[in-house]
Amino acid sequence: MQLETTGVSLTSVTLFAPMVGFFILLFLNKLSDERIKWGALITSLITLGFSILLLAQFKSDETGLQSEHIAEWIPTFGIYYHVGIDGISIWLVMLTTFIMPLSILISFNMIHERIRLYYLFMLLIEFAMLGVFVAQDMFLFYVFWELTLVPMYFLVGIWGGEERRYAAVKFFLYTMAGSILMLLAILWLGNEAGTFDVKVITEMVQSGALSFSTDTERLLFLGFFIAFAIKVPLWPLHSWLPDAHVQAPTAGSIILAGILLKLGTYGLIRFNLGFFPNASADFAPWIAALAVIGIIYGAWVAYAQTDVKKLVAYTSVSHLGFVVLGIFSLTSSGVQGAVLQMVNHGISTGGLFALVGILYDRRHTKAINAFGGIWKVMPLFSGIALVISLSSMGLPSLNGFVGEFTILLGSASSDVLSIWFTAVATLGVILAAVYTLFMFNKVFMGPLDKKENQELEDLTWSKNWTELGALVPLVIMIFVIGLYPSPFFELMDGSVGHLVNFVHTVAVAGK
Amino acid sequence: MEGFYSAVSLVVVVPLIGMLINLFFGKKLGEKGAGFIAVSASAFAFVVALILWATLVDQHYEPAIVNAPLIHSWISIPSAGIDIPWQFRVDTLSVTMMLVVTGVGTLIHIYATGYMHGDERFPRFFVYLNLFLVFMLILVTGNNLLVMFVGWEGVGLCSFLLIGFWFDKPGKHPTEGTVGWANSNAARKAFIVNRIGDFGLLMGIFLTFWTFGTLDYYKPHEVIHLEHDEAPPPVFAVEGAEGEHAGEEAAHVESGSEIHGIFTQAELWFEEGNHKVTFGSIDLDFDAVITLITLFFLLGATGKSAQIPLFVWLPDAMAGPTPVSALIHAATMVTAGIYMMVRSNSFFYNSDLTSFVVTIIGISTALAAGFMALGQWDIKKVLAYSTVSQLGFMVAAVGLGAYAAAMFHLVTHAFFKALLFLGSGSVIHAMEHGHHHAHEHGHDEHGDEHDEHAEHETHEEHETHTHHDDHEFDPQDMRNMGGLRHKMGLTYLTYLVGGLALAGIFPFAGFWSKDEIIADAFTVGFDEGELKGYLAIAVLLAAAAMTAFYTWRQICLVFFGKPRTAAAEHAPESSALMTTPLAILAIGTFLIGFIINAPKGFPLFGWLFGEHRFTLFLEESVIHAHAGSFNWFMAILATGIALAMIGIADSIYRKPMPIPMEKDPLETGQYQPLFALSNAKLYWDEAYFKYIVYPFQGAARFLANTIDWDFWHNFFHDRIIGQGFQGAADVISQPIDRQVVDKGFMSLATGVLAAGSRLRKTQTGYVRTYALSLMMGALLVIVIILLPTLRDLLGI
């Protein structure tokens, strides 16, 4: 199928902005370390700037793609370079461009080896992740999807902790295994539809021009689903996550938890819901069951951890369970809550990893037992940690609550899920308090009885401005989203409403 | 004057500003400045609450709904029909709560400037205190359940922060004695136990939304007309046609202006009868749904208002500074559950099952906590269990449908319990000073029996300045007190007023409100013949008897007799900053009962101050509030019992106690087992630890270590899958290994990998595997893309 090509759009500009910086850093090989750092930071800030422009010109009353750019790529196979954003991907683009400068900033004083290579990978991964969120061609999507693996593999493998090699390889292979299934599904679907274009296929599916037999639809659904579920990670496919999270350098963990995991949940919405409404409705209770188990399991397991970073890692299993539950509630409020919760999780868990990284940088340990009472010596740090922890455990008036609440409201009113899913998932709210407060209590409260902790340095603008610089924007966003999330919903309401309507008319109402 | 309604935003915003100023500039402002800011913010909020009250009176109690400034909508999702605004409601119920919170709150703020004097985190304390006001006021002014929930969890957060305010100081653990983590753990326990309740509230909110399609209490267009006669069903005149909703399904109610607030809609549906709510594939009776919702709400209330089974956090919460105990854990926050149930009286009133359960929870808590208060040594623990018990009275009143009585008791209790807590704080403060005094001056003139003990203590304290042990002096232990009547006259007098009010002695505040609850129980029991009424009378009278007993025991042990330690001997009266609020609260405690709500049929007072004025005021917003008439029989009976118990307690505890005092007089005789049971708090905490906490932790460890790590991570993934994959890859890749992979792809890969040399050496095997996978993938691509062409070629 032929697509009409268009001119360059702002989406493309945003997407390629990190690559400009990438090539500058790549070819100017005499730069000082300082310049490299600043170069990377400025590049990511410029990217953020472009994405803000993208946001500013976004029309909330349109449900389809905006700011599209279509160009020929591999015409023989009908593969195009096609990018664009809608109400769902715009927020994930924003999340990426928002988290990346902070990750780069916090690396300033934490990464001392192979600095150029490190920041090259940082810019590369930003490019790859943005690509996943804006790609509107399945093949392009797949290329970006695989491309995210490479920099992350090296970020973990080179700058990671003690077991970095093992963790990097496991991360790589685990996600690869899923990707191959997705590749098969993409090829199959492309063959059936005669095009790889996401927009065209979505329209064909919605208009009925493309339909599958039940078995075909289910197989295709699973092909995509398994790849995404590993990435999310949906219980019980989470085994790679504690290794990768714990071994990754601080910024790596922030990116991994903050953005990379959302590749999976984004894919679930874009492909599984968008292409396979019947299979989505059929599988919804099963997937939601895994999600709910993950919510409880992740929280419970997190509570028993003795390593702060591992604890935070497991909370992702729990939090992402909420996101998947929201998506497969197949309701507008569930899916919108899920999208917002992806952003929220990026902010709060990213923040938690930043906090852990800062502590590790000072104390060179992540054992919960090694701390206690550090509120006394690090009041500012602890105050910020309190806000981020509360955001993560879903305190109303902070961001996490808004997402969780809308997800649960969605799942409670879902036609495909019984009320029990919501009831059990809501129990996760209790468990979130259990593990979050356990961590906060053991690290920040109690007596300051260990010598090494008594000399810990608090955050200051004069000495460690990069740390504060990375944390303060997170805290601000925690309050903004918590108190006034309406604009976020407003922008995605059209796109999500359209998608959910379609799924409903095809699958749910038909039963 | 209706323009003044919009001032309600200020009630929230002003303490918020105070909090922000102290958060950012508290250190620079110093004690005086920070204290001034905090107190002014609270006082200003009180003035605003008074203005709102005056406005209400002026506007004939017409309620108003006010949008928050700057941000109107909070969670708004048009395609899902969700619209939850930041909206405040001014009506007689919310104004009552505002007046209590800011009025008592301001006095406690003032007191705290004296009590916290010299604390190194003085400004931070007031940040939390003002933040608490912000959330508490959001809780009581919100016009929908979710805004209330913001306040609800927010006050829980403040409670957590304030209980753990002295997080590094050792405190008393419920089962393990004095340990360094006790305060932090108490804070955590409070938050977690409250979250269990919040789970219930959240579920209730979900069901409510599903049933009504909104969470707003009332919509702006609704006007409620009420008749003040006794007990007729409320008559509603609501804009818009009433019959319209007959066949409509709740989940699909549409269009903003047509929709009713949840309480109005509930009344309409109850009136209409036989309404069904569709939950997915099942139809439920509206009555059943409301019962479910209210039971979930009740779970929320048992958390916040410390009822069985979730009351266990409140006694531990006494680890916080005493002004906190007074403000949060006695006067205001813990009454949020009662407020919430009274606010939802349209739901609770109409569910008989829930009302019965509420009554049972309330009366059993009142009794159990009253019993636990009998055998405590810690001056604040007695008050803590007393608070739990009194909250039980209020909850029971809600269950009995006596919403006005519940609120009345809430108001009077706020006064006298705040007074008692602040009084106990004054005592503790004095004991600490006395202890320091005795410590500094070494031996004092009282060289009798207790000298050795006291010296031992001071010595220990000196030696182990940071290391605390069992011999550490406890300024809160009543055994160390005695005779303080002569040392701190004003504290004693005010404490006496508070104690008599708590015991329910005429004419102090507690008499009026407690008797109104018991009188209502009488009506429900004997007039309406309901089981819960009979039960409530019997149990509440017993609880009231215990109240009088433990109150008088405490007053005897603290204030009467002779000083039993050097600390008590040297205890000074507290500063005017602390005693002035005590005096004001004492006057309030004396007057407030009969001034605001003298019962019908009571001689003189009713004529002087007007009958049931508070109840009539409340009726303007609490639809099912009603005023009962004064029940002479119950009043005399209850007062008689209280006086008798005071007499008994007096005969036991007024006697001179041995020095040093170690045992209660009841601990030696035949009541020893009972006393021990009370002292051990019925082993409630132990049971929770044994049957819930430890199993939960054990399961967590098992899940994390054995299931997730050893089995799933190490065995299944790394052994079975990991090694299996590697083995297979090795076998398959053997033939093409050297030719293709090593020379072609690997040279590229190693080029990039030159960066991490160690990485390369050990991991080439994996990279090779990946290269292979990629190649196989590419092969597949080609095959599948060419498949149609191949088909054509081969003619299949």
# chains A, B, ... in the order shown; residues from 1 in each chain; ligands from 1
$ residues_around --residues "Phe283 of chain A" --least-positions-apart "5" --cutoff "9 Å" --atoms "only C-alpha atoms" --output "PyMOL selection string"
chain A and resi 218+278+288+328
$ write_last_selection --atoms "C-alpha atoms" --output "PDB file, in the first residue's frame"
ATOM      1  CA  ARG A 218      -5.125 -14.721  19.332  1.00  0.00           C
ATOM      2  CA  ASN A 278     -11.543  -9.350  20.314  1.00  0.00           C
ATOM      3  CA  ALA A 288      -5.692  -8.689  34.590  1.00  0.00           C
ATOM      4  CA  PHE A 328      -7.065  -4.404  30.340  1.00  0.00           C
TER       5      PHE A 328
END
$ residues_around --residues "Phe172 of chain A" --least-positions-apart "3" --cutoff "9 Å" --atoms "only C-alpha atoms" --output "PyMOL selection string"
(chain A and resi 149-150+152-153+167-169+175-177) or (chain B and resi 770)
$ interface_residues --of "chain A" --to "chain B" --cutoff "6 Å" --atoms "only C-alpha atoms" --output "list in words"
Ser239, Trp300, Val301, Ala304, Ser332, Ser333, Pro396, Leu409, Asp415, Ile430, Met445, Gly446, Pro447, Tyr484, Ser486 and Gly497 of chain A
$ residues_around --residues "segment 6-8 of chain B" --least-positions-apart "4" --cutoff "10 Å" --atoms "only C-alpha atoms" --output "PyMOL selection string"
chain B and resi 2+12-13+45+48-49+51-52+64-69+88-90+95+98+137+141
$ write_last_selection --atoms "C-alpha atoms" --output "compact mmCIF listing (two decimals), in the first residue's frame"
# COMPACT_ATOMS: atom_id res chain seq x y z
CA GLU B 2 -23.37 35.44 51.04
CA VAL B 12 -7.42 25.99 53.93
CA VAL B 13 -5.07 28.41 52.23
CA ALA B 45 -8.39 30.28 60.14
CA VAL B 48 -12.57 32.82 59.06
CA ALA B 49 -14.53 29.91 60.51
CA ILE B 51 -17.15 34.55 59.78
CA LEU B 52 -18.52 31.52 57.95
CA ALA B 64 -23.06 26.93 49.91
CA ILE B 65 -20.65 25.22 47.55
CA VAL B 66 -17.47 27.06 46.73
CA ASN B 67 -14.91 26.26 44.06
CA ALA B 68 -11.29 26.23 45.06
CA PRO B 69 -9.25 29.14 43.77
CA PHE B 88 -15.67 23.12 49.33
CA ARG B 89 -18.95 22.96 51.12
CA VAL B 90 -20.08 25.37 53.79
CA VAL B 95 -18.66 24.86 60.02
CA MET B 98 -14.07 23.99 61.28
CA LEU B 137 -9.82 21.44 57.03
CA THR B 141 -14.87 21.19 53.99
$ closest_residue --among "B:Thr565, B:Ala186, B:Leu422, B:Ala306" --to "Gly320 of chain B" --atoms "only C-alpha atoms"
B:Ala186
$ residues_around --residues "Glu457 of chain A" --least-positions-apart "6" --cutoff "12 Å" --atoms "only C-alpha atoms" --output "list in words"
Ile358, Leu359, Asp361, Arg362, Arg363, Ile374, Trp375, Lys376, Val377, Met378, Pro379, Leu380, Phe381, Ser382, Lys463 and Asn464 of chain A
$ residues_around --residues "Glu203 of chain A" --least-positions-apart "6" --cutoff "12 Å" --atoms "only C-alpha atoms" --output "ChimeraX atom specification"
/A:64-65,193,195,197,209-211,274-275,498-499,502
$ write_last_selection --atoms "N, CA, C and O atoms" --output "mmCIF file, in the first residue's frame"
data_model
loop_
_atom_site.group_PDB
_atom_site.id
_atom_site.type_symbol
_atom_site.label_atom_id
_atom_site.label_comp_id
_atom_site.auth_asym_id
_atom_site.auth_seq_id
_atom_site.Cartn_x
_atom_site.Cartn_y
_atom_site.Cartn_z
ATOM 1 N N GLY A 64 -6.816 11.458 16.265
ATOM 2 C CA GLY A 64 -5.829 10.728 15.471
ATOM 3 C C GLY A 64 -4.407 11.223 15.677
ATOM 4 O O GLY A 64 -4.095 11.892 16.648
ATOM 5 N N LEU A 65 -3.550 10.854 14.695
ATOM 6 C CA LEU A 65 -2.150 11.236 14.781
ATOM 7 C C LEU A 65 -1.978 12.708 14.449
ATOM 8 O O LEU A 65 -2.717 13.268 13.646
ATOM 9 N N ALA A 193 -1.925 -7.810 6.208
ATOM 10 C CA ALA A 193 -2.514 -6.505 5.945
ATOM 11 C C ALA A 193 -1.983 -5.891 4.660
ATOM 12 O O ALA A 193 -2.589 -4.989 4.103
ATOM 13 N N THR A 195 0.630 -4.124 4.578
ATOM 14 C CA THR A 195 1.342 -2.908 4.945
ATOM 15 C C THR A 195 1.886 -3.065 6.359
ATOM 16 O O THR A 195 1.385 -3.871 7.133
ATOM 17 N N ASP A 197 2.190 -0.234 8.139
ATOM 18 C CA ASP A 197 1.867 1.040 8.748
ATOM 19 C C ASP A 197 0.827 0.887 9.871
ATOM 20 O O ASP A 197 -0.256 0.348 9.670
ATOM 21 N N ALA A 209 -12.099 -3.663 7.315
ATOM 22 C CA ALA A 209 -11.433 -4.095 6.096
ATOM 23 C C ALA A 209 -10.433 -5.210 6.353
ATOM 24 O O ALA A 209 -10.095 -5.976 5.465
ATOM 25 N N LEU A 210 -9.957 -5.255 7.568
ATOM 26 C CA LEU A 210 -9.024 -6.320 7.924
ATOM 27 C C LEU A 210 -9.592 -7.055 9.123
ATOM 28 O O LEU A 210 -9.890 -6.462 10.145
ATOM 29 N N SER A 211 -9.798 -8.347 8.960
ATOM 30 C CA SER A 211 -10.266 -9.099 10.119
ATOM 31 C C SER A 211 -9.589 -10.459 10.124
ATOM 32 O O SER A 211 -9.136 -10.954 9.092
ATOM 33 N N GLY A 274 -5.201 -1.817 20.058
ATOM 34 C CA GLY A 274 -5.525 -1.169 18.792
ATOM 35 C C GLY A 274 -5.796 -2.143 17.665
ATOM 36 O O GLY A 274 -6.657 -1.909 16.827
ATOM 37 N N PHE A 275 -5.062 -3.257 17.633
ATOM 38 C CA PHE A 275 -5.192 -4.194 16.508
ATOM 39 C C PHE A 275 -6.123 -5.361 16.810
ATOM 40 O O PHE A 275 -6.750 -5.898 15.912
ATOM 41 N N HIS A 498 -11.480 7.334 21.913
ATOM 42 C CA HIS A 498 -11.685 6.749 20.586
ATOM 43 C C HIS A 498 -11.306 5.266 20.577
ATOM 44 O O HIS A 498 -12.059 4.409 20.115
ATOM 45 N N LEU A 499 -10.133 4.988 21.128
ATOM 46 C CA LEU A 499 -9.633 3.610 21.155
ATOM 47 C C LEU A 499 -10.555 2.701 21.959
ATOM 48 O O LEU A 499 -10.936 1.611 21.509
ATOM 49 N N PHE A 502 -13.813 1.988 20.326
ATOM 50 C CA PHE A 502 -13.664 1.001 19.260
ATOM 51 C C PHE A 502 -13.612 -0.409 19.834
ATOM 52 O O PHE A 502 -14.323 -1.317 19.376
#
$ residues_around --residues "Leu50 of chain B" --least-positions-apart "6" --cutoff "12 Å" --atoms "only C-alpha atoms" --output "list in words"
Phe4, Tyr5, Ala7, Val8, Val11, Ala43, Phe44, Leu56, Val57, Val90, Thr92, Ser94, Val95, Thr96, Met97, Met98, Leu99, Val100, Val101, Thr102 and Gly103 of chain B
$ write_last_selection --atoms "all heavy atoms" --output "short mmCIF file (atom, residue, chain, number, x, y, z; two decimals), in the first residue's frame"
data_model
loop_
_atom_site.label_atom_id
_atom_site.label_comp_id
_atom_site.auth_asym_id
_atom_site.auth_seq_id
_atom_site.Cartn_x
_atom_site.Cartn_y
_atom_site.Cartn_z
N PHE B 4 -19.41 36.17 51.63
CA PHE B 4 -18.42 35.69 52.60
C PHE B 4 -18.21 34.18 52.55
O PHE B 4 -17.25 33.67 53.08
CB PHE B 4 -18.84 36.10 54.02
CG PHE B 4 -18.55 37.53 54.31
CD1 PHE B 4 -19.58 38.44 54.43
CD2 PHE B 4 -17.25 37.96 54.48
CE1 PHE B 4 -19.31 39.77 54.71
CE2 PHE B 4 -16.97 39.29 54.75
CZ PHE B 4 -18.02 40.20 54.86
N TYR B 5 -19.17 33.51 51.93
CA TYR B 5 -19.00 32.06 51.83
C TYR B 5 -17.68 31.67 51.17
O TYR B 5 -17.05 30.69 51.51
CB TYR B 5 -20.15 31.45 51.01
CG TYR B 5 -21.38 31.15 51.81
CD1 TYR B 5 -22.64 31.51 51.35
CD2 TYR B 5 -21.29 30.49 53.03
CE1 TYR B 5 -23.79 31.23 52.07
CE2 TYR B 5 -22.43 30.20 53.75
CZ TYR B 5 -23.68 30.57 53.27
OH TYR B 5 -24.79 30.27 53.99
N ALA B 7 -14.99 32.79 51.47
CA ALA B 7 -13.84 32.85 52.38
C ALA B 7 -13.40 31.46 52.82
O ALA B 7 -12.32 31.29 53.39
CB ALA B 7 -14.18 33.70 53.60
N VAL B 8 -14.24 30.45 52.55
CA VAL B 8 -13.90 29.10 53.00
C VAL B 8 -12.55 28.65 52.42
O VAL B 8 -11.81 27.89 53.06
CB VAL B 8 -15.02 28.10 52.63
CG1 VAL B 8 -15.15 27.93 51.13
CG2 VAL B 8 -14.77 26.77 53.29
N VAL B 11 -9.73 29.31 54.74
CA VAL B 11 -9.57 28.41 55.88
C VAL B 11 -8.50 27.36 55.58
O VAL B 11 -7.75 26.92 56.45
CB VAL B 11 -10.94 27.77 56.20
CG1 VAL B 11 -10.81 26.34 56.62
CG2 VAL B 11 -11.63 28.54 57.29
N ALA B 43 -5.01 30.99 64.08
CA ALA B 43 -5.99 31.94 64.60
C ALA B 43 -6.78 32.58 63.47
O ALA B 43 -7.99 32.76 63.56
CB ALA B 43 -5.28 33.01 65.43
N PHE B 44 -6.08 32.90 62.40
CA PHE B 44 -6.76 33.49 61.25
C PHE B 44 -7.81 32.53 60.70
O PHE B 44 -8.93 32.93 60.39
CB PHE B 44 -5.72 33.81 60.17
CG PHE B 44 -6.24 34.69 59.08
CD1 PHE B 44 -6.00 36.06 59.10
CD2 PHE B 44 -6.98 34.16 58.03
CE1 PHE B 44 -6.50 36.88 58.10
CE2 PHE B 44 -7.47 34.97 57.02
CZ PHE B 44 -7.23 36.33 57.05
N LEU B 56 -23.54 31.88 57.77
CA LEU B 56 -24.58 30.84 57.75
C LEU B 56 -25.81 31.31 58.51
O LEU B 56 -26.94 31.15 58.02
CB LEU B 56 -24.05 29.57 58.43
CG LEU B 56 -23.49 28.46 57.57
CD1 LEU B 56 -23.12 27.29 58.45
CD2 LEU B 56 -24.50 28.02 56.53
N VAL B 57 -25.59 31.88 59.68
CA VAL B 57 -26.71 32.34 60.47
C VAL B 57 -27.47 33.40 59.69
O VAL B 57 -28.69 33.38 59.59
CB VAL B 57 -26.22 32.91 61.82
CG1 VAL B 57 -27.36 33.56 62.58
CG2 VAL B 57 -25.57 31.80 62.65
N VAL B 90 -19.83 24.69 52.52
CA VAL B 90 -20.08 25.37 53.79
C VAL B 90 -21.48 25.03 54.23
O VAL B 90 -22.45 25.43 53.59
CB VAL B 90 -19.93 26.90 53.65
CG1 VAL B 90 -20.06 27.56 55.02
CG2 VAL B 90 -18.62 27.25 53.01
N THR B 92 -23.78 23.68 58.08
CA THR B 92 -23.64 23.74 59.54
C THR B 92 -22.72 22.64 60.05
O THR B 92 -21.99 22.86 61.02
CB THR B 92 -25.02 23.63 60.21
OG1 THR B 92 -25.66 22.43 59.76
CG2 THR B 92 -25.88 24.82 59.85
N SER B 94 -20.07 21.27 58.41
CA SER B 94 -18.66 21.56 58.15
C SER B 94 -18.18 22.75 58.98
O SER B 94 -17.04 22.77 59.44
CB SER B 94 -18.43 21.80 56.65
OG SER B 94 -19.03 22.98 56.23
N VAL B 95 -19.07 23.72 59.21
CA VAL B 95 -18.66 24.86 60.02
C VAL B 95 -18.43 24.43 61.47
O VAL B 95 -17.49 24.89 62.13
CB VAL B 95 -19.69 26.00 59.91
CG1 VAL B 95 -19.46 27.05 60.99
CG2 VAL B 95 -19.60 26.64 58.54
N THR B 96 -19.26 23.53 61.96
CA THR B 96 -19.04 23.02 63.31
C THR B 96 -17.64 22.41 63.42
O THR B 96 -16.88 22.71 64.35
CB THR B 96 -20.08 21.92 63.64
OG1 THR B 96 -21.37 22.47 63.49
CG2 THR B 96 -19.88 21.40 65.04
N MET B 97 -17.31 21.58 62.44
CA MET B 97 -16.00 20.94 62.47
C MET B 97 -14.88 21.98 62.34
O MET B 97 -13.86 21.91 63.02
CB MET B 97 -15.88 19.90 61.36
CG MET B 97 -16.73 18.66 61.55
SD MET B 97 -16.38 17.72 63.05
CE MET B 97 -14.76 17.06 62.72
N MET B 98 -15.10 22.95 61.46
CA MET B 98 -14.07 23.99 61.28
C MET B 98 -13.83 24.74 62.57
O MET B 98 -12.69 25.02 62.94
CB MET B 98 -14.53 24.99 60.21
CG MET B 98 -14.32 24.53 58.79
SD MET B 98 -14.72 25.90 57.69
CE MET B 98 -16.17 25.29 56.90
N LEU B 99 -14.92 25.07 63.26
CA LEU B 99 -14.78 25.82 64.52
C LEU B 99 -14.01 25.00 65.54
O LEU B 99 -13.12 25.51 66.22
CB LEU B 99 -16.15 26.22 65.06
CG LEU B 99 -16.83 27.37 64.32
CD1 LEU B 99 -18.27 27.52 64.79
CD2 LEU B 99 -16.07 28.67 64.55
N VAL B 100 -14.35 23.72 65.64
CA VAL B 100 -13.65 22.87 66.61
C VAL B 100 -12.17 22.76 66.25
O VAL B 100 -11.29 22.97 67.09
CB VAL B 100 -14.29 21.47 66.66
CG1 VAL B 100 -13.44 20.53 67.50
CG2 VAL B 100 -15.69 21.55 67.21
N VAL B 101 -11.92 22.48 64.98
CA VAL B 101 -10.53 22.24 64.56
C VAL B 101 -9.69 23.49 64.75
O VAL B 101 -8.59 23.43 65.32
CB VAL B 101 -10.49 21.77 63.09
CG1 VAL B 101 -9.07 21.73 62.58
CG2 VAL B 101 -11.14 20.41 62.97
N THR B 102 -10.21 24.62 64.27
CA THR B 102 -9.37 25.82 64.36
C THR B 102 -9.39 26.41 65.77
O THR B 102 -8.38 26.95 66.22
CB THR B 102 -9.85 26.88 63.36
OG1 THR B 102 -11.24 27.14 63.60
CG2 THR B 102 -9.67 26.41 61.94
N GLY B 103 -10.52 26.29 66.46
CA GLY B 103 -10.60 26.85 67.82
C GLY B 103 -9.69 26.10 68.77
O GLY B 103 -8.76 26.68 69.35
#
$ residues_around --residues "Gly21 of chain A" --least-positions-apart "5" --cutoff "9 Å" --atoms "only C-alpha atoms" --output "list in words"
Leu26, Gly39, Ala40, Ile42, Thr43, Ser44, Leu120 and Leu123 of chain A
$ select_by_dssp --residues "segment 228-274 of chain A" --states "alpha helix (DSSP H)" --output "PyMOL selection string"
chain A and resi 228-231+240-247+250-255+261-267+274
$ write_last_selection --atoms "N, CA and C atoms" --output "short mmCIF file (atom, residue, chain, number, x, y, z; two decimals), in the first residue's frame"
data_model
loop_
_atom_site.label_atom_id
_atom_site.label_comp_id
_atom_site.auth_asym_id
_atom_site.auth_seq_id
_atom_site.Cartn_x
_atom_site.Cartn_y
_atom_site.Cartn_z
N PHE A 228 5.84 -7.60 25.01
CA PHE A 228 5.56 -6.46 25.88
C PHE A 228 5.53 -6.86 27.34
N ALA A 229 4.97 -8.05 27.61
CA ALA A 229 4.82 -8.48 29.00
C ALA A 229 6.19 -8.68 29.65
N ILE A 230 7.16 -9.15 28.86
CA ILE A 230 8.50 -9.31 29.41
C ILE A 230 9.08 -7.94 29.75
N LYS A 231 8.82 -7.00 28.86
CA LYS A 231 9.37 -5.67 29.07
C LYS A 231 8.76 -4.98 30.27
N TRP A 240 14.20 -10.98 35.13
CA TRP A 240 15.37 -10.21 34.71
C TRP A 240 15.48 -8.89 35.45
N LEU A 241 14.34 -8.43 35.97
CA LEU A 241 14.26 -7.06 36.46
C LEU A 241 15.10 -6.76 37.69
N PRO A 242 15.03 -7.61 38.74
CA PRO A 242 15.88 -7.27 39.90
C PRO A 242 17.36 -7.24 39.55
N ASP A 243 17.80 -8.14 38.67
CA ASP A 243 19.21 -8.14 38.29
C ASP A 243 19.59 -6.85 37.58
N ALA A 244 18.81 -6.53 36.55
CA ALA A 244 19.16 -5.35 35.74
C ALA A 244 19.07 -4.08 36.56
N HIS A 245 17.98 -3.95 37.34
CA HIS A 245 17.81 -2.73 38.12
C HIS A 245 18.91 -2.55 39.14
N VAL A 246 19.23 -3.63 39.81
CA VAL A 246 20.18 -3.51 40.90
C VAL A 246 21.59 -3.26 40.37
N GLN A 247 21.91 -3.90 39.25
CA GLN A 247 23.27 -3.77 38.74
C GLN A 247 23.50 -2.51 37.92
N THR A 250 23.15 4.32 38.50
CA THR A 250 21.96 5.06 38.94
C THR A 250 21.12 5.56 37.78
N ALA A 251 21.76 6.23 36.83
CA ALA A 251 20.98 6.77 35.72
C ALA A 251 20.37 5.64 34.91
N GLY A 252 21.09 4.53 34.82
CA GLY A 252 20.56 3.38 34.10
C GLY A 252 19.28 2.87 34.76
N SER A 253 19.29 2.78 36.07
CA SER A 253 18.09 2.33 36.77
C SER A 253 16.95 3.31 36.56
N ILE A 254 17.28 4.60 36.59
CA ILE A 254 16.22 5.61 36.41
C ILE A 254 15.60 5.45 35.03
N ILE A 255 16.44 5.29 34.02
CA ILE A 255 15.92 5.15 32.66
C ILE A 255 15.16 3.84 32.51
N LEU A 261 10.52 0.45 30.85
CA LEU A 261 9.43 -0.47 31.16
C LEU A 261 8.15 -0.05 30.45
N LYS A 262 8.02 1.28 30.23
CA LYS A 262 6.80 1.78 29.61
C LYS A 262 6.73 1.45 28.14
N LEU A 263 7.85 1.06 27.55
CA LEU A 263 7.80 0.58 26.18
C LEU A 263 6.80 -0.56 26.08
N GLY A 264 6.84 -1.42 27.09
CA GLY A 264 5.94 -2.57 27.10
C GLY A 264 4.49 -2.17 27.25
N THR A 265 4.19 -1.33 28.24
CA THR A 265 2.80 -0.97 28.47
C THR A 265 2.27 -0.12 27.32
N TYR A 266 3.15 0.71 26.76
CA TYR A 266 2.74 1.50 25.60
C TYR A 266 2.38 0.56 24.44
N GLY A 267 3.21 -0.44 24.22
CA GLY A 267 2.94 -1.40 23.16
C GLY A 267 1.62 -2.11 23.36
N GLY A 274 -5.20 -1.82 20.06
CA GLY A 274 -5.53 -1.17 18.79
C GLY A 274 -5.80 -2.14 17.67
#
$ atom_distance --atom1 "atom CA of Met341 of chain B" --atom2 "atom CA of Leu327 of chain B"
20.5 Å
